[in-house]
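Undergrad: Data: final_11.csv, CSV, C-alpha atoms and all ligand atoms.
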```csv
chain,number,residue,atom,x,y,z
E,1,MET,CA,141.3,66.2,110.2
E,2,LYS,CA,140.7,64.1,113.2
E,3,GLU,CA,137.1,63.1,113.9
E,4,ILE,CA,136.1,62.5,117.5
E,5,ARG,CA,132.7,61.2,118.7
E,6,ASN,CA,133.4,60.6,122.4
E,7,PRO,CA,133.1,63.7,124.6
E,8,LYS,CA,135.6,62.5,127.1
E,9,VAL,CA,138.2,61.7,124.4
E,10,LEU,CA,137.7,65.2,123.0
E,11,ALA,CA,138.1,66.9,126.4
E,12,GLU,CA,141.3,65.0,127.0
E,13,GLU,CA,142.7,65.9,123.6
E,14,MET,CA,141.8,69.6,124.2
E,15,SER,CA,143.5,69.6,127.6
E,16,ARG,CA,146.6,68.1,126.0
E,17,LEU,CA,146.7,70.9,123.4
E,18,HIS,CA,146.2,73.6,126.1
E,19,GLY,CA,149.1,72.0,127.9
E,20,GLN,CA,151.2,72.6,124.8
E,21,GLY,CA,150.2,76.3,124.9
E,22,LYS,CA,148.1,76.0,121.7
E,23,SER,CA,145.2,78.4,121.2
E,24,ILE,CA,141.9,76.7,120.3
E,25,GLY,CA,139.3,78.3,118.0
E,26,PHE,CA,135.9,76.7,118.1
E,27,VAL,CA,133.0,76.8,115.5
E,28,PRO,CA,129.8,75.0,116.7
E,29,THR,CA,127.4,74.0,114.0
E,30,MET,CA,124.5,71.7,113.2
E,31,GLY,CA,126.1,70.7,109.9
E,32,ALA,CA,124.6,71.1,106.4
E,33,LEU,CA,127.5,73.6,106.0
E,34,HIS,CA,127.4,76.6,103.6
E,35,GLU,CA,129.4,79.7,103.0
E,36,GLY,CA,128.1,81.3,106.3
E,37,HIS,CA,129.7,78.5,108.3
E,38,LEU,CA,132.9,78.6,106.1
E,39,SER,CA,133.4,82.3,106.9
E,40,LEU,CA,133.4,81.4,110.6
E,41,LEU,CA,135.9,78.6,110.0
E,42,ARG,CA,138.2,80.9,108.0
E,43,ALA,CA,138.2,83.4,110.8
E,44,ALA,CA,139.0,80.6,113.3
E,45,ARG,CA,141.8,79.4,111.1
E,46,ARG,CA,143.4,82.8,110.9
E,47,GLU,CA,143.3,83.4,114.6
E,48,ASN,CA,144.2,80.1,116.3
E,49,ALA,CA,146.7,77.3,116.3
E,50,VAL,CA,144.0,74.7,116.4
E,51,VAL,CA,140.5,74.8,114.9
E,52,VAL,CA,137.7,72.6,116.2
E,53,ALA,CA,134.3,72.4,114.5
E,54,SER,CA,131.4,70.5,115.9
E,55,ILE,CA,128.4,69.0,114.1
E,56,PHE,CA,125.6,68.2,116.4
E,57,VAL,CA,121.9,68.6,115.6
E,58,ASN,CA,120.8,69.4,119.1
E,59,PRO,CA,117.5,67.9,119.9
E,60,THR,CA,116.8,70.0,123.0
E,61,GLN,CA,116.6,73.2,120.9
E,62,PHE,CA,113.9,71.9,118.6
E,63,GLY,CA,110.2,72.1,119.5
E,64,PRO,CA,108.1,68.9,119.3
E,65,LYS,CA,106.6,70.1,116.0
E,66,GLU,CA,109.9,71.4,114.5
E,67,ASP,CA,112.2,69.9,112.0
E,68,PHE,CA,114.7,67.9,114.2
E,69,ARG,CA,114.2,64.6,112.3
E,70,ARG,CA,114.2,66.1,108.8
E,71,TYR,CA,117.0,68.6,109.5
E,72,PRO,CA,119.6,68.0,106.7
E,73,ARG,CA,122.6,65.8,107.6
E,74,PRO,CA,124.9,65.7,104.5
E,75,LEU,CA,127.8,64.2,106.4
E,76,ALA,CA,130.2,63.3,103.6
E,77,LYS,CA,129.9,66.7,102.0
E,78,ASP,CA,130.3,68.4,105.4
E,79,ARG,CA,133.5,66.4,106.1
E,80,SER,CA,135.0,67.4,102.8
E,81,LEU,CA,134.2,71.1,103.3
E,82,LEU,CA,135.7,71.0,106.8
E,83,LYS,CA,138.9,69.3,105.4
E,84,LYS,CA,139.1,72.0,102.8
E,85,ALA,CA,138.8,74.6,105.4
E,86,LYS,CA,141.8,73.0,107.2
E,87,VAL,CA,139.9,72.2,110.3
E,88,ASP,CA,142.0,70.1,112.8
E,89,TYR,CA,139.2,68.4,114.7
E,90,LEU,CA,135.6,67.6,114.0
E,91,PHE,CA,133.6,66.8,117.1
E,92,ARG,CA,130.5,64.8,116.2
E,93,PRO,CA,128.9,63.3,119.3
E,94,SER,CA,125.8,61.2,119.3
E,95,VAL,CA,122.7,62.4,120.9
E,96,GLN,CA,123.1,59.6,123.4
E,97,ALA,CA,126.6,60.8,124.3
E,98,MET,CA,125.5,64.4,124.9
E,99,TYR,CA,122.2,63.5,126.6
E,100,PRO,CA,122.6,60.1,128.3
E,101,GLU,CA,119.8,58.4,130.2
E,102,GLY,CA,119.0,60.5,133.3
E,103,PHE,CA,120.4,63.8,131.9
E,104,SER,CA,118.6,66.5,133.9
E,105,PHE,CA,120.5,69.8,134.2
E,106,PHE,CA,119.7,72.7,131.9
E,107,VAL,CA,120.9,76.3,131.6
E,108,GLY,CA,118.1,78.7,132.3
E,109,MET,CA,117.8,82.5,132.1
E,110,GLU,CA,115.7,84.5,134.5
E,111,ASP,CA,113.6,87.6,133.9
E,112,ARG,CA,115.0,90.8,135.4
E,113,GLY,CA,112.2,92.6,137.2
E,114,ARG,CA,109.6,93.4,134.7
E,115,ARG,CA,112.0,92.8,131.8
E,116,PRO,CA,111.6,89.4,130.3
E,117,ALA,CA,114.7,87.3,129.8
E,118,MET,CA,116.2,87.3,126.3
E,119,PHE,CA,115.1,83.6,126.2
E,120,ARG,CA,111.5,84.6,126.2
E,121,ILE,CA,111.3,87.5,123.7
E,122,LEU,CA,111.5,87.6,119.8
E,123,CYS,CA,112.2,84.1,118.6
E,124,GLY,CA,111.9,82.8,122.2
E,125,LYS,CA,108.2,83.7,122.1
E,126,PHE,CA,107.6,81.5,119.1
E,127,ARG,CA,110.0,78.7,120.0
E,128,PRO,CA,109.5,78.1,123.7
E,129,GLY,CA,112.5,76.1,125.1
E,130,HIS,CA,114.7,76.8,122.1
E,131,PHE,CA,117.2,79.1,123.7
E,132,ARG,CA,117.3,76.9,126.9
E,133,GLY,CA,118.4,74.1,124.6
E,134,VAL,CA,120.9,76.4,122.8
E,135,ALA,CA,122.4,77.7,126.1
E,136,THR,CA,122.7,74.1,127.5
E,137,ILE,CA,124.4,72.7,124.5
E,138,VAL,CA,126.7,75.7,124.1
E,139,THR,CA,127.7,75.4,127.8
E,140,LYS,CA,128.4,71.7,127.4
E,141,LEU,CA,130.5,72.2,124.3
E,142,PHE,CA,132.5,75.0,125.9
E,143,HIS,CA,133.3,72.7,128.8
E,144,LEU,CA,134.5,70.0,126.5
E,145,VAL,CA,136.3,72.1,123.9
E,146,GLN,CA,137.7,74.7,126.3
E,147,PRO,CA,138.2,77.1,123.4
E,148,ASP,CA,140.1,80.4,123.6
E,149,ARG,CA,137.9,81.9,120.9
E,150,VAL,CA,134.4,80.9,119.7
E,151,TYR,CA,132.8,82.0,116.4
E,152,PHE,CA,129.1,82.7,115.9
E,153,GLY,CA,127.2,84.3,113.0
E,154,ALA,CA,125.3,87.6,113.2
E,155,LYS,CA,122.6,85.8,111.2
E,156,ASP,CA,121.4,84.2,114.4
E,157,TYR,CA,121.4,87.5,116.2
E,158,GLN,CA,119.5,86.6,119.3
E,159,GLN,CA,121.5,83.5,119.8
E,160,ALA,CA,124.8,85.5,119.6
E,161,ALA,CA,123.4,88.0,122.1
E,162,ILE,CA,122.4,85.2,124.5
E,163,VAL,CA,125.8,83.5,124.1
E,164,ARG,CA,127.5,86.9,124.9
E,165,GLN,CA,125.5,87.1,128.2
E,166,LEU,CA,126.1,83.4,129.0
E,167,ILE,CA,129.8,83.9,128.6
E,168,ARG,CA,129.7,86.9,130.9
E,169,ASP,CA,127.4,85.6,133.5
E,170,LEU,CA,128.9,82.1,133.8
E,171,HIS,CA,132.6,83.3,133.6
E,172,PHE,CA,133.6,81.4,130.5
E,173,ALA,CA,137.2,82.5,129.7
E,174,VAL,CA,136.5,82.7,126.0
E,175,ALA,CA,136.5,85.5,123.4
E,176,LEU,CA,133.3,85.7,121.4
E,177,ARG,CA,133.7,86.6,117.7
E,178,ILE,CA,130.5,87.5,115.9
E,179,LEU,CA,130.9,87.5,112.1
E,180,PRO,CA,128.7,89.2,109.5
E,181,THR,CA,125.8,87.4,107.9
E,182,VAL,CA,126.7,85.8,104.6
E,183,ARG,CA,124.0,86.2,101.9
E,184,GLU,CA,123.1,84.7,98.6
E,185,LYS,CA,123.3,86.9,95.5
E,186,GLY,CA,119.7,88.2,95.9
E,187,GLY,CA,120.3,89.1,99.6
E,188,LEU,CA,118.7,86.0,101.2
E,189,ALA,CA,120.7,85.1,104.4
E,190,MET,CA,122.3,81.8,103.9
E,191,SER,CA,120.8,79.1,106.1
E,192,SER,CA,120.9,75.3,106.1
E,193,ARG,CA,117.1,75.6,106.0
E,194,ASN,CA,117.1,77.4,102.7
E,195,ARG,CA,117.4,74.0,101.0
E,196,TYR,CA,113.7,73.3,102.1
E,197,LEU,CA,112.7,76.2,99.8
E,198,SER,CA,111.4,75.6,96.2
E,199,PRO,CA,112.6,78.2,93.6
E,200,ARG,CA,109.3,80.0,94.0
E,201,ASP,CA,109.6,80.0,97.9
E,202,ARG,CA,113.2,81.3,97.5
E,203,ASN,CA,112.0,84.1,95.4
E,204,ARG,CA,109.3,85.1,97.9
E,205,ALA,CA,111.9,84.8,100.8
E,206,LEU,CA,113.9,87.6,99.1
E,207,ALA,CA,111.3,90.0,100.5
E,208,ILE,CA,112.7,89.4,104.0
E,209,SER,CA,116.2,90.9,103.4
E,210,GLU,CA,114.7,93.5,101.0
E,211,THR,CA,112.4,94.8,103.7
E,212,LEU,CA,115.2,95.0,106.3
E,213,PHE,CA,117.4,96.9,103.8
E,214,TRP,CA,114.5,99.1,102.9
E,215,LEU,CA,113.9,99.9,106.6
E,216,ARG,CA,117.6,100.8,107.1
E,217,ARG,CA,117.6,103.0,104.0
E,218,GLU,CA,114.4,104.8,105.2
E,219,PHE,CA,115.9,105.4,108.6
E,220,ARG,CA,119.0,106.8,107.0
E,221,GLY,CA,116.8,108.9,104.8
E,222,GLY,CA,115.5,110.6,107.9
E,223,ARG,CA,112.5,108.5,108.9
E,224,HIS,CA,113.2,108.3,112.5
E,225,ASP,CA,109.8,107.5,114.1
E,226,LEU,CA,110.7,103.9,115.0
E,227,GLY,CA,107.1,102.8,115.7
E,228,ARG,CA,105.9,104.0,112.3
E,229,LEU,CA,108.9,102.7,110.5
E,230,ARG,CA,108.4,99.3,112.0
E,231,ARG,CA,104.8,99.2,111.1
E,232,ALA,CA,105.5,100.3,107.5
E,233,ALA,CA,108.1,97.6,107.2
E,234,MET,CA,105.7,95.0,108.5
E,235,ARG,CA,103.1,96.2,106.0
E,236,ARG,CA,105.6,95.6,103.2
E,237,LEU,CA,106.7,92.2,104.3
E,238,HIS,CA,103.4,90.8,105.5
E,239,PRO,CA,101.8,90.0,102.1
E,240,LYS,CA,105.0,88.4,100.8
E,241,VAL,CA,105.3,85.7,103.4
E,242,ASP,CA,103.0,83.1,104.8
E,243,HIS,CA,103.4,84.2,108.3
E,244,LEU,CA,105.2,87.2,109.8
E,245,GLU,CA,106.1,86.2,113.3
E,246,TYR,CA,107.7,89.5,114.3
E,247,LEU,CA,109.7,92.4,113.1
E,248,GLU,CA,111.2,94.6,115.8
E,249,ILE,CA,113.7,97.4,116.1
E,250,VAL,CA,115.7,96.6,119.3
E,251,ASP,CA,118.7,97.5,121.4
E,252,PRO,CA,121.6,95.6,119.9
E,253,VAL,CA,122.8,94.2,123.2
E,254,THR,CA,119.7,93.7,125.4
E,255,LEU,CA,117.3,93.1,122.5
E,256,GLN,CA,114.7,95.2,124.2
E,257,SER,CA,112.3,96.9,121.7
E,258,LEU,CA,113.2,100.6,121.2
E,259,ARG,CA,110.7,103.5,121.1
E,260,TRP,CA,113.4,106.1,120.5
E,261,ARG,CA,116.3,105.9,118.3
E,262,LYS,CA,119.8,105.1,119.6
E,263,ARG,CA,123.3,105.3,118.1
E,264,ARG,CA,123.1,101.6,117.3
E,265,MET,CA,120.0,99.5,116.7
E,266,ALA,CA,119.2,96.1,115.3
E,267,ALA,CA,116.1,95.3,113.2
E,268,LEU,CA,115.2,91.6,113.5
E,269,THR,CA,112.5,89.6,111.9
E,270,ALA,CA,111.3,86.0,111.7
E,271,CYS,CA,108.9,84.8,108.9
E,272,VAL,CA,107.5,81.5,107.7
E,273,VAL,CA,107.7,80.8,104.0
E,274,ASN,CA,105.8,77.7,103.0
E,275,LYS,CA,106.4,76.0,106.5
E,276,THR,CA,110.1,77.0,106.5
E,277,ARG,CA,111.0,79.4,109.3
E,278,LEU,CA,113.5,82.1,108.3
E,279,ILE,CA,115.2,84.8,110.3
E,280,ASP,CA,117.2,87.8,109.4
E,281,ASN,CA,118.5,91.1,110.8
E,282,VAL,CA,120.4,94.3,110.0
E,283,ILE,CA,122.3,96.6,112.2
E,284,ILE,CA,121.4,100.3,111.9
E,285,HIS,CA,123.8,103.1,112.8
E,286,ALA,CA,122.1,106.3,113.5
E,301,LIG,P1,123.9,76.4,112.5
E,301,LIG,O1,124.6,75.3,111.8
E,301,LIG,O2,122.7,76.9,111.7
E,301,LIG,O3,123.6,76.1,114.0
E,301,LIG,O4,124.9,77.6,112.5
E,301,LIG,C1,126.2,77.5,113.1
E,301,LIG,C2,126.8,78.8,113.1
E,301,LIG,O5,126.9,79.4,111.8
E,301,LIG,C3,126.0,79.8,114.0
E,301,LIG,O6,126.9,80.6,114.7
E,301,LIG,C4,125.3,80.6,112.9
E,301,LIG,O7,125.0,82.0,113.3
E,301,LIG,C5,126.3,80.7,111.8
E,301,LIG,N1,125.7,81.0,110.5
E,301,LIG,C6,124.6,80.4,110.0
E,301,LIG,N2,124.2,81.0,108.8
E,301,LIG,C7,125.1,82.0,108.7
E,301,LIG,C8,125.2,83.1,107.7
E,301,LIG,N3,124.4,83.1,106.6
E,301,LIG,N4,126.2,84.0,107.8
E,301,LIG,C9,127.0,83.9,108.9
E,301,LIG,N5,126.9,83.0,109.9
E,301,LIG,C10,126.0,82.0,109.8
```
What do you get writing this file as structure tokens?
TA:
Amino acid sequence: MKEIRNPKVLAEEMSRLHGQGKSIGFVPTMGALHEGHLSLLRAARRENAVVVASIFVNPTQFGPKEDFRRYPRPLAKDRSLLKKAKVDYLFRPSVQAMYPEGFSFFVGMEDRGRRPAMFRILCGKFRPGHFRGVATIVTKLFHLVQPDRVYFGAKDYQQAAIVRQLIRDLHFAVALRILPTVREKGGLAMSSRNRYLSPRDRNRALAISETLFWLRREFRGGRHDLGRLRRAAMRRLHPKVDHLEYLEIVDPVTLQSLRWRKRRMAALTACVVNKTRLIDNVIIHA
């Protein structure tokens, strides 16, 4: 595995590989790798001649009171997992290299009529600026890596939906692969932030996936009034977590809240368990 820190050096290397006709699969991450990341890397390995992973804890997607500084950075372990996953290139730029003095362009997303931009709904409401930071770093990484295929996890559902629209609207010639959420045994969605949880917190956090699975079962069992179903799910989850930010049943592509059932829907939630913010979702097929 070749580790590159300099963006220009990476871009030159990628151009060279393209010149040789090699396909490039790209998995962007913030490190602290777990089985969820590894599933993306395995898919990338199957489908591409060259696999590039990045580790970059992107400061512009963290709010001033969020965990940027304490975000886990277990570099030696990450390196060894990436090597095991047969990654060809690790891109690990410094913050200074990605956001040099004077950096001032960001990727924004506008509202469409009365419909608020995907940036501003769901997690966007609770993390102002987050998706602007995500869209900006994803755009920069796509320019540098020039991937043929990129791999994202369904766990970060809104992020994947925004990246889908970013690729479409800004004409990136890249195929988006969204892979299923990998879960721990009890159902908790794997996340680098799970390591902040004490055993007791972890136990409480199980209510998040349990509630989403419950909601899906109820729907399948014939409970089709989405408003009521959503409220019932919130009532179940609310007492189990410290803060329930939202739980919504939405269109799987536009993420607009649904009043009436559709063929495909997504139920998304974000909760706080002892200061750790956790998100999860399930897809529901009517
Ligand atoms: P992160 O390092 O948290 O920025 O995540 C990097 C990529 O891994 C994103 O595309 C995430 O959606 C994906 N990912 C994180 N957790 C999981 C999971 N439990 N299952 C599948 N993909 C995941």
Undergrad: Do you know which residues lie at most 12 Å from (124.6, 58.8, 115.6), with coordinates as in the file and only C-alpha atoms counted, and could you write them as a ChimeraX atom specification?
TA: /E:5-6,55-58,73,75,92-98
Undergrad: Go ahead and save the residues from that selection, with C-alpha atoms, as a PDB file, in the frame of the given file.
TA:
```pdb
ATOM      1  CA  ARG E   5     132.700  61.200 118.700  1.00  0.00           C
ATOM      2  CA  ASN E   6     133.400  60.600 122.400  1.00  0.00           C
ATOM      3  CA  ILE E  55     128.400  69.000 114.100  1.00  0.00           C
ATOM      4  CA  PHE E  56     125.600  68.200 116.400  1.00  0.00           C
ATOM      5  CA  VAL E  57     121.900  68.600 115.600  1.00  0.00           C
ATOM      6  CA  ASN E  58     120.800  69.400 119.100  1.00  0.00           C
ATOM      7  CA  ARG E  73     122.600  65.800 107.600  1.00  0.00           C
ATOM      8  CA  LEU E  75     127.800  64.200 106.400  1.00  0.00           C
ATOM      9  CA  ARG E  92     130.500  64.800 116.200  1.00  0.00           C
ATOM     10  CA  PRO E  93     128.900  63.300 119.300  1.00  0.00           C
ATOM     11  CA  SER E  94     125.800  61.200 119.300  1.00  0.00           C
ATOM     12  CA  VAL E  95     122.700  62.400 120.900  1.00  0.00           C
ATOM     13  CA  GLN E  96     123.100  59.600 123.400  1.00  0.00           C
ATOM     14  CA  ALA E  97     126.600  60.800 124.300  1.00  0.00           C
ATOM     15  CA  MET E  98     125.500  64.400 124.900  1.00  0.00           C
TER      16      MET E  98
END
```
Undergrad: Hey, which residues sit close to ligand LIG 301 (chain E)? Say within 6 Å, counting only C-alpha atoms and all ligand atoms, and write them as a ChimeraX atom specification.
TA: /E:28-31,36-37,152-156,180-183,189-191
Undergrad: For Val273 in chain E, work out the shell of residues within 10 Å, counting only C-alpha atoms and skipping chain neighbours fewer than 3 positions away, then give it as a PyMOL selection string.
TA: chain E and resi 196-197+201-202+204-205+208+240-244+270+276-278
Undergrad: Fewer than 3 positions away in the same chain doesn't count, so skip those; otherwise give me all residues within 8 Å of range 13-24 of chain E, counting only C-alpha atoms, as a list in words.
TA: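 My list of contacting residues is Val9, Leu10, Asn48, Ala49, Val50, Val51, Val52, Leu144, Val145, Gln146, Pro147, Asp148 and Arg149 of chain E.
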Undergrad: For Leu170 in chain E, please output as a ChimeraX atom specification all residues within 12 Å (counting all atoms listed in the file; exclusion window: fewer than 2 positions along the same chain).
TA: /E:107-109,135-136,138-139,142-143,162-168,172-174
Undergrad: Could you please determine the separation between CA of Asp280 in chain E and CA of Arg115 in chain E in Å, to one decimal place?
TA: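 Computed distance, CA of Asp280 in chain E to CA of Arg115 in chain E, equals 23.5 Å.
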Undergrad: When distances are computed from all atoms listed in the file, which of E:Ala266, E:Cys271, E:Ile137, E:Leu41 shows the smallest separation from Glu245 in chain E?
TA: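 Result for the nearest residue to Glu245 in chain E: E:Cys271.
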Undergrad: To one decimal in Å, tell me the separation between CA of Thr269 in chain E and CA of Tyr246 in chain E.
TA: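 Result for CA of Thr269 in chain E versus CA of Tyr246 in chain E: 5.4 Å, one decimal.
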